[in-house]
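Note sheet for the following structure.
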Amino acid sequence: MDSTCCSKTRNPFTGVEANAVGVQVAGISKSYSGVEVLTNLNFEVQPGEIFVLMGPSGSGKSVLLRLIAGLESPTSGTVTVDGQDPCLEETRDRVRLALVFQAGALFNSLNVYDNLALYPREHRSGDEKSIREKVMHALKILSVEDAVNKFPSELSGGMKKRVSIARALVMEPQLLLYDEPTSELDPVMSATISEIIATLKNEYSVTSIVVTHDRSLALTIANRVGILMDGKLITLGTPEELKATKDPKLIDFLHPKIDLQNPRFKKLETQEPK
Amino acid sequence: MKQINAILEGVGSVVQLLIKSLSYTGSLPRQWGRFIEQCYLIGYTTLPIVAILSFFIGTVLALEAGYAMEDFGAKEFIGSLVGLSMARELGPMMTAVLLAGRVGSAIAAELASMKVYQEIDALTTMNIPAAKILVLPRLAAVLVMMPVLIMIANIVGWFGGSVVARYVSYVGISPEAYFVALRHYTKFKDVINGVEKAEVFGFVVVLVCCDIGLNTRGGPREIGAAVTRAVVVSLILILVLDYFVTKILL
(Lines give C-alpha, C1' and ligand atoms only; values in the text may rest on other atoms or scores of the structure.)
Protein backbone atom coordinates (compact mmCIF):
# COMPACT_ATOMS: atom_id res chain seq x y z
CA MET A 1 0.00 0.00 0.00
CA ASP A 2 1.04 3.58 -0.57
CA SER A 3 3.19 4.94 2.21
CA THR A 4 1.23 8.20 2.41
CA CYS A 5 -1.88 6.39 3.58
CA CYS A 6 -2.39 6.68 7.32
CA SER A 7 -5.02 5.67 9.83
CA LYS A 8 -6.26 9.15 10.81
CA THR A 9 -8.05 11.82 8.81
CA ARG A 10 -7.65 15.43 9.78
CA ASN A 11 -10.59 17.77 9.38
CA PRO A 12 -9.75 20.38 6.70
CA PHE A 13 -11.55 23.12 8.66
CA THR A 14 -10.97 22.33 12.30
CA GLY A 15 -7.86 20.13 12.20
CA VAL A 16 -9.60 17.61 14.48
CA GLU A 17 -8.46 14.05 13.83
CA ALA A 18 -10.75 11.09 13.19
CA ASN A 19 -10.22 7.53 12.09
CA ALA A 20 -9.73 7.19 8.35
CA VAL A 21 -12.20 4.73 6.90
CA GLY A 22 -11.71 1.89 4.47
CA VAL A 23 -14.15 0.23 2.10
CA GLN A 24 -14.51 -3.50 1.57
CA VAL A 25 -16.34 -4.89 -1.45
CA ALA A 26 -16.82 -8.66 -1.15
CA GLY A 27 -18.35 -10.71 -3.96
CA ILE A 28 -21.00 -8.18 -4.92
CA SER A 29 -23.30 -8.52 -7.88
CA LYS A 30 -26.12 -6.21 -8.87
CA SER A 31 -29.02 -6.92 -11.20
CA TYR A 32 -31.89 -4.79 -12.45
CA SER A 33 -34.94 -6.71 -13.73
CA GLY A 34 -32.81 -9.81 -14.17
CA VAL A 35 -30.03 -8.02 -16.09
CA GLU A 36 -26.72 -8.25 -14.24
CA VAL A 37 -24.78 -4.97 -14.32
CA LEU A 38 -22.09 -5.90 -11.79
CA THR A 39 -20.64 -9.40 -11.44
CA ASN A 40 -18.78 -10.74 -8.42
CA LEU A 41 -16.60 -7.74 -7.57
CA ASN A 42 -13.96 -8.08 -4.86
CA PHE A 43 -11.61 -5.33 -3.74
CA GLU A 44 -10.67 -3.18 -0.79
CA VAL A 45 -9.99 0.52 -0.54
CA GLN A 46 -7.51 1.30 2.21
CA PRO A 47 -8.04 4.18 4.65
CA GLY A 48 -6.64 7.39 3.19
CA GLU A 49 -6.25 5.96 -0.31
CA ILE A 50 -7.35 7.48 -3.62
CA PHE A 51 -8.96 4.68 -5.57
CA VAL A 52 -9.97 5.48 -9.14
CA LEU A 53 -12.54 3.45 -11.06
CA MET A 54 -12.42 3.69 -14.82
CA GLY A 55 -14.28 1.94 -17.58
CA PRO A 56 -16.34 2.52 -20.68
CA SER A 57 -19.82 4.04 -20.42
CA GLY A 58 -22.37 1.54 -19.12
CA SER A 59 -19.79 -0.64 -17.41
CA GLY A 60 -21.42 -0.17 -13.97
CA LYS A 61 -19.08 2.39 -12.36
CA SER A 62 -21.80 4.71 -11.10
CA VAL A 63 -23.89 1.77 -9.84
CA LEU A 64 -20.88 0.59 -7.85
CA LEU A 65 -20.49 4.07 -6.38
CA ARG A 66 -24.17 4.10 -5.35
CA LEU A 67 -23.70 0.72 -3.64
CA ILE A 68 -20.69 2.06 -1.71
CA ALA A 69 -22.66 5.19 -0.77
CA GLY A 70 -25.46 2.98 0.59
CA LEU A 71 -28.03 4.35 -1.83
CA GLU A 72 -28.76 0.84 -3.08
CA SER A 73 -28.16 -2.68 -1.82
CA PRO A 74 -26.29 -5.31 -3.83
CA THR A 75 -28.22 -8.30 -5.17
CA SER A 76 -25.57 -10.54 -3.58
CA GLY A 77 -22.34 -10.00 -1.67
CA THR A 78 -21.54 -7.28 0.84
CA VAL A 79 -20.22 -3.74 0.83
CA THR A 80 -18.88 -2.39 4.10
CA VAL A 81 -17.62 1.06 5.01
CA ASP A 82 -15.41 0.94 8.08
CA GLY A 83 -16.74 -2.56 8.68
CA GLN A 84 -20.43 -1.57 8.58
CA ASP A 85 -23.26 -1.66 6.07
CA PRO A 86 -23.43 1.82 4.45
CA CYS A 87 -27.21 1.49 3.97
CA LEU A 88 -27.74 1.72 7.73
CA GLU A 89 -28.49 5.08 9.30
CA GLU A 90 -26.15 4.24 12.22
CA THR A 91 -23.23 3.87 9.80
CA ARG A 92 -23.95 7.29 8.31
CA ASP A 93 -24.21 8.68 11.84
CA ARG A 94 -20.72 7.38 12.58
CA VAL A 95 -18.95 7.84 9.23
CA ARG A 96 -19.12 11.16 7.37
CA LEU A 97 -19.60 10.08 3.78
CA ALA A 98 -20.02 12.54 0.93
CA LEU A 99 -20.91 11.87 -2.68
CA VAL A 100 -20.29 14.33 -5.49
CA PHE A 101 -23.00 13.50 -8.02
CA GLN A 102 -22.30 13.68 -11.73
CA ALA A 103 -25.12 16.19 -12.29
CA GLY A 104 -24.47 18.03 -9.03
CA ALA A 105 -27.79 17.11 -7.33
CA LEU A 106 -27.98 20.57 -5.74
CA PHE A 107 -31.22 21.46 -3.96
CA ASN A 108 -33.06 23.62 -6.47
CA SER A 109 -35.20 25.38 -3.87
CA LEU A 110 -32.14 26.57 -1.91
CA ASN A 111 -29.51 29.08 -2.92
CA VAL A 112 -25.84 28.10 -3.04
CA TYR A 113 -25.19 29.25 0.53
CA ASP A 114 -28.11 27.26 1.96
CA ASN A 115 -27.14 24.24 -0.15
CA LEU A 116 -23.77 24.20 1.56
CA ALA A 117 -25.04 25.16 5.01
CA LEU A 118 -27.75 22.48 5.11
CA TYR A 119 -25.50 19.68 6.38
CA PRO A 120 -23.80 21.57 9.23
CA ARG A 121 -27.10 23.15 10.27
CA GLU A 122 -28.97 19.84 10.37
CA HIS A 123 -26.14 18.13 12.23
CA ARG A 124 -25.63 21.15 14.49
CA SER A 125 -21.91 21.35 13.75
CA GLY A 126 -21.17 24.85 14.95
CA ASP A 127 -22.95 28.16 15.24
CA GLU A 128 -24.13 30.20 12.24
CA LYS A 129 -20.88 32.23 12.22
CA SER A 130 -18.63 29.17 12.00
CA ILE A 131 -20.94 27.60 9.41
CA ARG A 132 -20.66 30.78 7.32
CA GLU A 133 -16.87 30.65 7.56
CA LYS A 134 -16.79 27.01 6.46
CA VAL A 135 -19.18 27.64 3.57
CA MET A 136 -17.27 30.69 2.29
CA HIS A 137 -13.94 28.86 2.66
CA ALA A 138 -15.20 25.89 0.64
CA LEU A 139 -16.64 28.19 -2.05
CA LYS A 140 -13.35 30.08 -2.23
CA ILE A 141 -11.36 26.86 -2.73
CA LEU A 142 -13.57 26.07 -5.72
CA SER A 143 -13.55 29.71 -6.97
CA VAL A 144 -17.34 30.03 -6.81
CA GLU A 145 -17.71 32.49 -3.94
CA ASP A 146 -19.44 34.96 -6.29
CA ALA A 147 -22.30 32.48 -6.72
CA VAL A 148 -23.12 32.36 -3.01
CA ASN A 149 -26.56 33.98 -3.38
CA LYS A 150 -27.49 32.36 -6.68
CA PHE A 151 -29.91 29.50 -7.11
CA PRO A 152 -28.80 26.30 -8.89
CA SER A 153 -30.96 27.15 -11.91
CA GLU A 154 -28.81 30.27 -12.43
CA LEU A 155 -25.52 28.31 -12.55
CA SER A 156 -23.71 26.74 -15.52
CA GLY A 157 -23.02 22.99 -15.54
CA GLY A 158 -19.41 23.51 -14.48
CA MET A 159 -20.37 25.85 -11.65
CA LYS A 160 -22.96 23.37 -10.40
CA LYS A 161 -20.25 20.73 -10.31
CA ARG A 162 -17.91 23.01 -8.35
CA VAL A 163 -20.65 23.96 -5.87
CA SER A 164 -21.43 20.28 -5.48
CA ILE A 165 -17.79 19.56 -4.61
CA ALA A 166 -17.80 22.52 -2.20
CA ARG A 167 -20.91 21.08 -0.54
CA ALA A 168 -19.07 17.78 -0.09
CA LEU A 169 -16.07 19.60 1.44
CA VAL A 170 -18.29 21.38 3.99
CA MET A 171 -19.39 17.96 5.21
CA GLU A 172 -15.77 17.38 6.32
CA PRO A 173 -15.97 13.83 4.96
CA GLN A 174 -13.96 10.80 6.02
CA LEU A 175 -14.94 9.06 2.79
CA LEU A 176 -15.47 11.12 -0.36
CA LEU A 177 -16.99 9.58 -3.47
CA TYR A 178 -16.78 11.43 -6.78
CA ASP A 179 -18.89 10.57 -9.81
CA GLU A 180 -17.15 12.10 -12.84
CA PRO A 181 -15.77 15.12 -10.93
CA THR A 182 -14.17 16.74 -13.98
CA SER A 183 -16.90 16.30 -16.56
CA GLU A 184 -18.25 19.64 -17.86
CA LEU A 185 -15.18 21.46 -16.48
CA ASP A 186 -12.53 23.34 -18.44
CA PRO A 187 -8.91 22.04 -18.27
CA VAL A 188 -7.85 24.63 -15.68
CA MET A 189 -10.71 23.75 -13.34
CA SER A 190 -10.11 20.03 -13.97
CA ALA A 191 -6.55 20.51 -12.78
CA THR A 192 -7.84 22.37 -9.70
CA ILE A 193 -10.18 19.48 -8.88
CA SER A 194 -7.29 17.03 -9.26
CA GLU A 195 -5.29 19.16 -6.83
CA ILE A 196 -8.18 19.28 -4.35
CA ILE A 197 -8.58 15.50 -4.41
CA ALA A 198 -4.84 15.03 -3.96
CA THR A 199 -4.68 17.64 -1.17
CA LEU A 200 -7.55 16.05 0.74
CA LYS A 201 -5.67 12.78 0.58
CA ASN A 202 -2.15 14.06 1.30
CA GLU A 203 -2.92 16.57 4.02
CA TYR A 204 -6.10 15.23 5.54
CA SER A 205 -6.01 11.51 4.60
CA VAL A 206 -9.58 11.54 3.32
CA THR A 207 -10.36 8.23 1.63
CA SER A 208 -11.48 8.97 -1.93
CA ILE A 209 -13.12 6.83 -4.58
CA VAL A 210 -13.25 8.54 -7.94
CA VAL A 211 -15.26 7.35 -10.93
CA THR A 212 -13.98 9.01 -14.06
CA HIS A 213 -13.39 8.78 -17.79
CA ASP A 214 -10.56 11.28 -17.47
CA ARG A 215 -7.39 9.20 -17.99
CA SER A 216 -4.99 11.97 -17.07
CA LEU A 217 -6.86 12.64 -13.81
CA ALA A 218 -6.88 8.93 -12.99
CA LEU A 219 -3.22 8.32 -13.70
CA THR A 220 -2.13 11.52 -11.91
CA ILE A 221 -3.94 11.28 -8.60
CA ALA A 222 -4.67 7.59 -8.03
CA ASN A 223 -2.93 5.31 -5.60
CA ARG A 224 -4.63 2.45 -7.39
CA VAL A 225 -6.84 2.22 -10.45
CA GLY A 226 -9.53 -0.39 -11.11
CA ILE A 227 -10.93 -0.88 -14.58
CA LEU A 228 -14.48 -2.11 -14.97
CA MET A 229 -15.72 -3.61 -18.22
CA ASP A 230 -19.15 -5.18 -18.64
CA GLY A 231 -19.64 -5.20 -14.89
CA LYS A 232 -16.41 -7.05 -14.15
CA LEU A 233 -13.24 -5.71 -12.60
CA ILE A 234 -10.71 -6.66 -15.25
CA THR A 235 -7.68 -5.14 -13.61
CA LEU A 236 -6.55 -3.47 -10.42
CA GLY A 237 -3.15 -1.87 -10.00
CA THR A 238 -1.09 1.24 -9.50
CA PRO A 239 -0.92 3.85 -12.29
CA GLU A 240 2.65 2.70 -13.03
CA GLU A 241 1.51 -0.90 -13.44
CA LEU A 242 -1.25 0.22 -15.78
CA LYS A 243 1.08 2.35 -17.87
CA ALA A 244 3.41 -0.64 -18.26
CA THR A 245 0.64 -3.09 -19.15
CA LYS A 246 1.00 -5.29 -22.23
CA ASP A 247 -2.66 -6.37 -22.20
CA PRO A 248 -4.01 -5.27 -25.63
CA LYS A 249 -7.53 -4.74 -24.23
CA LEU A 250 -6.20 -2.34 -21.59
CA ILE A 251 -3.91 -0.61 -24.07
CA ASP A 252 -6.89 -0.05 -26.36
CA PHE A 253 -8.89 1.41 -23.48
CA LEU A 254 -6.12 3.59 -22.06
CA HIS A 255 -4.74 4.80 -25.39
CA PRO A 256 -7.55 4.72 -27.94
CA LYS A 257 -6.47 5.48 -31.48
CA ILE A 258 -8.64 7.18 -34.06
CA ASP A 259 -8.11 5.45 -37.37
CA LEU A 260 -8.98 7.95 -40.07
CA GLN A 261 -8.62 5.21 -42.66
CA ASN A 262 -11.56 3.44 -41.04
CA PRO A 263 -14.28 2.87 -43.69
CA ARG A 264 -16.79 4.63 -41.39
CA PHE A 265 -14.90 7.92 -41.66
CA LYS A 266 -14.42 7.44 -45.42
CA LYS A 267 -18.16 7.05 -45.78
CA LEU A 268 -18.78 10.29 -43.89
CA GLU A 269 -16.27 12.17 -46.03
CA THR A 270 -17.84 11.07 -49.31
CA GLN A 271 -21.44 11.69 -48.26
CA GLU A 272 -22.94 14.55 -50.17
CA PRO A 273 -25.51 16.87 -48.58
CA LYS A 274 -29.09 16.14 -49.64
CA MET B 1 -53.11 -10.63 -7.53
CA LYS B 2 -50.45 -8.28 -8.84
CA GLN B 3 -52.70 -5.28 -8.16
CA ILE B 4 -53.49 -6.44 -4.64
CA ASN B 5 -49.75 -6.77 -4.01
CA ALA B 6 -49.23 -3.24 -5.34
CA ILE B 7 -51.98 -1.86 -3.06
CA LEU B 8 -50.54 -3.65 -0.01
CA GLU B 9 -47.04 -2.42 -0.88
CA GLY B 10 -48.41 1.11 -1.17
CA VAL B 11 -50.17 0.89 2.20
CA GLY B 12 -47.01 -0.52 3.80
CA SER B 13 -44.90 2.24 2.32
CA VAL B 14 -47.28 4.97 3.56
CA VAL B 15 -47.38 3.47 7.06
CA GLN B 16 -43.58 3.25 7.13
CA LEU B 17 -43.28 6.86 6.04
CA LEU B 18 -45.78 7.93 8.71
CA ILE B 19 -43.94 6.09 11.49
CA LYS B 20 -40.59 7.46 10.30
CA SER B 21 -41.91 11.01 10.07
CA LEU B 22 -43.51 10.87 13.51
CA SER B 23 -40.25 9.60 14.99
CA TYR B 24 -38.72 13.02 14.18
CA THR B 25 -41.51 15.00 15.86
CA GLY B 26 -39.01 16.27 18.42
CA SER B 27 -37.14 18.10 15.65
CA LEU B 28 -40.20 20.19 14.74
CA PRO B 29 -39.36 23.25 16.88
CA ARG B 30 -36.03 23.55 15.01
CA GLN B 31 -37.90 23.38 11.69
CA TRP B 32 -40.02 26.45 12.40
CA GLY B 33 -39.08 28.10 9.09
CA ARG B 34 -40.06 25.07 7.01
CA PHE B 35 -43.30 24.70 8.99
CA ILE B 36 -44.29 28.33 8.37
CA GLU B 37 -43.41 28.02 4.68
CA GLN B 38 -45.65 24.95 4.38
CA CYS B 39 -48.46 26.69 6.31
CA TYR B 40 -48.24 29.48 3.76
CA LEU B 41 -48.32 27.07 0.79
CA ILE B 42 -51.04 24.81 2.18
CA GLY B 43 -53.18 27.46 3.84
CA TYR B 44 -52.73 30.91 2.39
CA THR B 45 -52.34 29.97 -1.28
CA THR B 46 -55.31 27.56 -1.14
CA LEU B 47 -57.58 30.05 0.61
CA PRO B 48 -58.88 32.03 -2.41
CA ILE B 49 -59.96 28.97 -4.36
CA VAL B 50 -61.53 27.39 -1.24
CA ALA B 51 -63.47 30.62 -0.63
CA ILE B 52 -64.71 30.89 -4.22
CA LEU B 53 -65.75 27.24 -4.37
CA SER B 54 -67.47 27.33 -0.95
CA PHE B 55 -69.41 30.48 -1.85
CA PHE B 56 -70.88 28.82 -4.93
CA ILE B 57 -71.55 25.51 -3.13
CA GLY B 58 -73.53 27.53 -0.57
CA THR B 59 -75.47 29.32 -3.31
CA VAL B 60 -76.27 26.13 -5.20
CA LEU B 61 -77.40 24.39 -2.01
CA ALA B 62 -79.75 27.29 -1.23
CA LEU B 63 -81.10 27.33 -4.80
CA GLU B 64 -81.76 23.59 -4.83
CA ALA B 65 -83.22 23.62 -1.32
CA GLY B 66 -85.48 26.57 -2.20
CA TYR B 67 -86.72 24.78 -5.32
CA ALA B 68 -87.37 21.48 -3.52
CA MET B 69 -88.88 22.92 -0.33
CA GLU B 70 -91.21 25.39 -2.01
CA ASP B 71 -93.78 22.64 -2.59
CA PHE B 72 -93.78 21.70 1.10
CA GLY B 73 -93.85 25.25 2.38
CA ALA B 74 -90.66 24.55 4.27
CA LYS B 75 -88.46 27.32 2.87
CA GLU B 76 -87.56 28.52 6.36
CA PHE B 77 -85.46 25.35 6.71
CA ILE B 78 -83.11 26.36 3.88
CA GLY B 79 -80.68 27.82 6.43
CA SER B 80 -80.53 24.59 8.39
CA LEU B 81 -79.95 22.53 5.23
CA VAL B 82 -77.14 24.77 3.97
CA GLY B 83 -75.64 25.04 7.46
CA LEU B 84 -75.57 21.31 8.17
CA SER B 85 -74.52 20.29 4.64
CA MET B 86 -71.62 22.71 4.59
CA ALA B 87 -70.42 21.96 8.13
CA ARG B 88 -70.75 18.20 8.15
CA GLU B 89 -70.06 17.15 4.56
CA LEU B 90 -69.47 19.55 1.70
CA GLY B 91 -67.06 21.90 3.47
CA PRO B 92 -64.59 19.20 4.57
CA MET B 93 -64.92 17.10 1.44
CA MET B 94 -64.65 19.86 -1.15
CA THR B 95 -61.75 21.47 0.73
CA ALA B 96 -59.97 18.10 0.80
CA VAL B 97 -60.61 17.67 -2.95
CA LEU B 98 -59.12 21.11 -3.60
CA LEU B 99 -56.20 20.29 -1.33
CA ALA B 100 -55.53 17.12 -3.33
CA GLY B 101 -55.70 18.98 -6.63
CA ARG B 102 -53.73 22.03 -5.66
CA VAL B 103 -51.40 21.11 -2.80
CA GLY B 104 -51.19 17.33 -3.20
CA SER B 105 -50.21 17.56 -6.86
CA ALA B 106 -47.57 20.22 -6.06
CA ILE B 107 -46.10 18.09 -3.26
CA ALA B 108 -45.97 14.98 -5.47
CA ALA B 109 -44.37 16.96 -8.32
CA GLU B 110 -41.75 18.59 -6.08
CA LEU B 111 -40.73 15.41 -4.28
CA ALA B 112 -40.80 13.32 -7.47
CA SER B 113 -38.55 15.81 -9.20
CA MET B 114 -36.21 15.83 -6.19
CA LYS B 115 -36.09 12.05 -6.39
CA VAL B 116 -35.51 11.92 -10.15
CA TYR B 117 -32.78 14.60 -10.03
CA GLN B 118 -31.02 12.81 -7.13
CA GLU B 119 -31.68 15.50 -4.51
CA ILE B 120 -33.21 12.84 -2.24
CA ASP B 121 -30.10 10.68 -2.75
CA ALA B 122 -27.97 13.68 -1.78
CA LEU B 123 -30.02 14.06 1.42
CA THR B 124 -29.54 10.34 2.14
CA THR B 125 -25.76 10.57 1.81
CA MET B 126 -25.84 13.60 4.12
CA ASN B 127 -27.79 11.50 6.61
CA ILE B 128 -30.65 14.00 6.56
CA PRO B 129 -33.86 11.94 6.35
CA ALA B 130 -36.39 13.16 3.79
CA ALA B 131 -39.14 12.16 6.26
CA LYS B 132 -37.74 14.67 8.72
CA ILE B 133 -37.27 17.78 6.60
CA LEU B 134 -39.67 17.21 3.70
CA VAL B 135 -42.60 15.23 5.14
CA LEU B 136 -42.93 16.17 8.82
CA PRO B 137 -43.27 19.97 8.31
CA ARG B 138 -45.96 19.36 5.67
CA LEU B 139 -47.92 17.01 7.94
CA ALA B 140 -47.75 19.48 10.81
CA ALA B 141 -48.75 22.35 8.54
CA VAL B 142 -51.79 20.55 7.13
CA LEU B 143 -53.00 19.70 10.65
CA VAL B 144 -52.82 23.36 11.61
CA MET B 145 -54.21 24.83 8.38
CA MET B 146 -57.09 22.43 7.66
CA PRO B 147 -59.34 23.70 10.52
CA VAL B 148 -58.69 27.28 9.38
CA LEU B 149 -59.61 26.42 5.78
CA ILE B 150 -62.72 24.54 6.89
CA MET B 151 -63.96 27.37 9.09
CA ILE B 152 -63.51 29.86 6.26
CA ALA B 153 -65.17 27.44 3.80
CA ASN B 154 -68.15 27.06 6.16
CA ILE B 155 -68.57 30.78 6.79
CA VAL B 156 -68.27 31.70 3.11
CA GLY B 157 -70.63 28.86 2.11
CA TRP B 158 -73.23 29.93 4.67
CA PHE B 159 -72.92 33.49 3.45
CA GLY B 160 -73.38 32.29 -0.17
CA GLY B 161 -76.62 30.60 0.86
CA SER B 162 -77.86 33.78 2.54
CA VAL B 163 -77.21 35.80 -0.64
CA VAL B 164 -79.41 33.42 -2.64
CA ALA B 165 -82.04 33.41 0.11
CA ARG B 166 -82.18 37.20 -0.03
CA TYR B 167 -81.93 37.95 -3.75
CA VAL B 168 -83.42 34.98 -5.66
CA SER B 169 -87.13 35.62 -5.97
CA TYR B 170 -88.52 32.07 -5.71
CA VAL B 171 -86.41 31.37 -2.59
CA GLY B 172 -87.36 34.68 -1.05
CA ILE B 173 -86.64 34.39 2.67
CA SER B 174 -84.95 37.06 4.74
CA PRO B 175 -81.31 36.63 5.78
CA GLU B 176 -82.47 36.86 9.39
CA ALA B 177 -84.81 33.86 8.97
CA TYR B 178 -82.05 32.01 7.08
CA PHE B 179 -79.49 32.54 9.84
CA VAL B 180 -81.98 31.78 12.66
CA ALA B 181 -82.65 28.35 11.10
CA LEU B 182 -78.95 27.84 10.44
CA ARG B 183 -78.01 28.64 14.05
CA HIS B 184 -80.84 26.57 15.46
CA TYR B 185 -80.06 23.36 13.64
CA THR B 186 -76.28 23.57 13.11
CA LYS B 187 -74.69 22.70 16.43
CA PHE B 188 -71.12 23.23 17.52
CA LYS B 189 -70.69 19.42 17.44
CA ASP B 190 -71.54 19.40 13.70
CA VAL B 191 -68.84 21.95 12.97
CA ILE B 192 -66.31 20.01 15.06
CA ASN B 193 -67.22 16.77 13.27
CA GLY B 194 -66.53 18.50 9.96
CA VAL B 195 -63.19 19.75 11.22
CA GLU B 196 -62.25 16.25 12.41
CA LYS B 197 -63.12 14.83 9.01
CA ALA B 198 -61.08 17.50 7.27
CA GLU B 199 -58.08 16.81 9.50
CA VAL B 200 -58.20 13.12 8.53
CA PHE B 201 -58.60 13.92 4.81
CA GLY B 202 -55.85 16.54 4.77
CA PHE B 203 -53.39 14.41 6.70
CA VAL B 204 -53.96 11.38 4.45
CA VAL B 205 -53.75 13.45 1.24
CA VAL B 206 -50.41 15.03 2.23
CA LEU B 207 -48.96 11.74 3.49
CA VAL B 208 -49.96 9.79 0.37
CA CYS B 209 -48.72 12.50 -2.00
CA CYS B 210 -45.37 12.66 -0.15
CA ASP B 211 -45.04 8.87 -0.36
CA ILE B 212 -45.84 8.75 -4.07
CA GLY B 213 -43.39 11.58 -4.77
CA LEU B 214 -40.59 9.98 -2.77
CA ASN B 215 -41.08 6.60 -4.44
CA THR B 216 -40.88 7.90 -8.00
CA ARG B 217 -38.44 5.98 -10.20
CA GLY B 218 -37.18 6.84 -13.65
CA GLY B 219 -37.00 10.10 -15.56
CA PRO B 220 -38.97 13.31 -16.09
CA ARG B 221 -41.91 11.43 -17.62
CA GLU B 222 -42.47 9.62 -14.33
CA ILE B 223 -42.84 12.97 -12.54
CA GLY B 224 -46.06 13.62 -14.49
CA ALA B 225 -47.24 10.06 -13.86
CA ALA B 226 -46.55 10.46 -10.13
CA VAL B 227 -48.62 13.66 -9.99
CA THR B 228 -51.57 11.99 -11.75
CA ARG B 229 -51.33 8.96 -9.46
CA ALA B 230 -51.12 11.15 -6.36
CA VAL B 231 -54.27 13.11 -7.26
CA VAL B 232 -56.28 10.03 -8.29
CA VAL B 233 -55.31 8.03 -5.19
CA SER B 234 -56.04 11.04 -2.96
CA LEU B 235 -59.52 11.55 -4.46
CA ILE B 236 -60.39 7.87 -4.06
CA LEU B 237 -59.14 7.85 -0.48
CA ILE B 238 -61.12 11.00 0.38
CA LEU B 239 -64.36 9.39 -0.79
CA VAL B 240 -63.67 6.03 0.86
CA LEU B 241 -62.55 7.62 4.13
CA ASP B 242 -65.56 9.94 4.04
CA TYR B 243 -67.91 6.99 4.49
CA PHE B 244 -65.96 5.40 7.33
CA VAL B 245 -65.19 8.63 9.21
CA THR B 246 -68.84 9.74 8.90
CA LYS B 247 -69.98 6.34 10.21
CA ILE B 248 -67.65 6.63 13.19
CA LEU B 249 -68.61 10.23 13.96
CA LEU B 250 -72.40 9.75 13.74
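Chain lettering (A, B, ...) mirrors the order of the C-alpha coordinates, residue numbering begins at 1 for each chain separately, and ligand numbering begins at 1 in order of display.
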Quick one: which residues from chain B are at most 7 Å off chain A, using only C-alpha atoms, as a VMD selection string? chain B and resid 117 to 119 121 to 122 125 to 127
Might you pull out every residue within 9 Å of Tyr67 of chain B, with only C-alpha atoms counted and same-chain residues fewer than 5 positions away left off, and present them as a ChimeraX atom specification? /B:62,75,170-171
May I have the selected residues written with all heavy atoms, as an mmCIF file, in the first residue's frame?
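Saved to out-v1.cif:
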data_model
loop_
_atom_site.group_PDB
_atom_site.id
_atom_site.type_symbol
_atom_site.label_atom_id
_atom_site.label_comp_id
_atom_site.auth_asym_id
_atom_site.auth_seq_id
_atom_site.Cartn_x
_atom_site.Cartn_y
_atom_site.Cartn_z
ATOM 1 N N ALA B 62 -78.572 26.475 -1.546
ATOM 2 C CA ALA B 62 -79.748 27.287 -1.227
ATOM 3 C C ALA B 62 -80.742 27.284 -2.390
ATOM 4 O O ALA B 62 -81.968 27.184 -2.180
ATOM 5 C CB ALA B 62 -79.316 28.713 -0.889
ATOM 6 N N LYS B 75 -89.631 26.532 3.295
ATOM 7 C CA LYS B 75 -88.464 27.322 2.874
ATOM 8 C C LYS B 75 -87.657 27.881 4.049
ATOM 9 O O LYS B 75 -86.480 28.176 3.910
ATOM 10 C CB LYS B 75 -88.933 28.471 1.966
ATOM 11 C CG LYS B 75 -89.297 27.971 0.579
ATOM 12 C CD LYS B 75 -89.324 29.061 -0.442
ATOM 13 C CE LYS B 75 -90.501 29.993 -0.200
ATOM 14 N NZ LYS B 75 -90.673 30.949 -1.317
ATOM 15 N N TYR B 170 -87.696 33.209 -6.122
ATOM 16 C CA TYR B 170 -88.519 32.071 -5.710
ATOM 17 C C TYR B 170 -88.065 31.473 -4.375
ATOM 18 O O TYR B 170 -88.784 30.699 -3.760
ATOM 19 C CB TYR B 170 -88.599 31.000 -6.806
ATOM 20 C CG TYR B 170 -87.366 30.134 -7.004
ATOM 21 C CD1 TYR B 170 -87.121 29.051 -6.167
ATOM 22 C CD2 TYR B 170 -86.485 30.383 -8.052
ATOM 23 C CE1 TYR B 170 -86.010 28.248 -6.366
ATOM 24 C CE2 TYR B 170 -85.385 29.599 -8.257
ATOM 25 C CZ TYR B 170 -85.130 28.520 -7.411
ATOM 26 O OH TYR B 170 -84.049 27.738 -7.611
ATOM 27 N N VAL B 171 -86.840 31.818 -3.930
ATOM 28 C CA VAL B 171 -86.413 31.366 -2.587
ATOM 29 C C VAL B 171 -87.027 32.321 -1.565
ATOM 30 O O VAL B 171 -87.727 31.892 -0.643
ATOM 31 C CB VAL B 171 -84.874 31.329 -2.460
ATOM 32 C CG1 VAL B 171 -84.477 30.869 -1.057
ATOM 33 C CG2 VAL B 171 -84.280 30.393 -3.508
#
Contacts of segment 232-234 of chain B at 8 Å (only C-alpha atoms; same-chain gap of 2+ positions) as a VMD selection string: chain B and resid 100 104 204 to 205 208 to 209 228 to 230 236 to 238
Which residue out of B:Val148, B:Leu239, B:Ala153, B:Leu136 has the minimum interatomic distance to Leu22 of chain B when only C-alpha atoms are used?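 Using only C-alpha atoms, the shortest distance to Leu22 of chain B belongs to B:Leu136.
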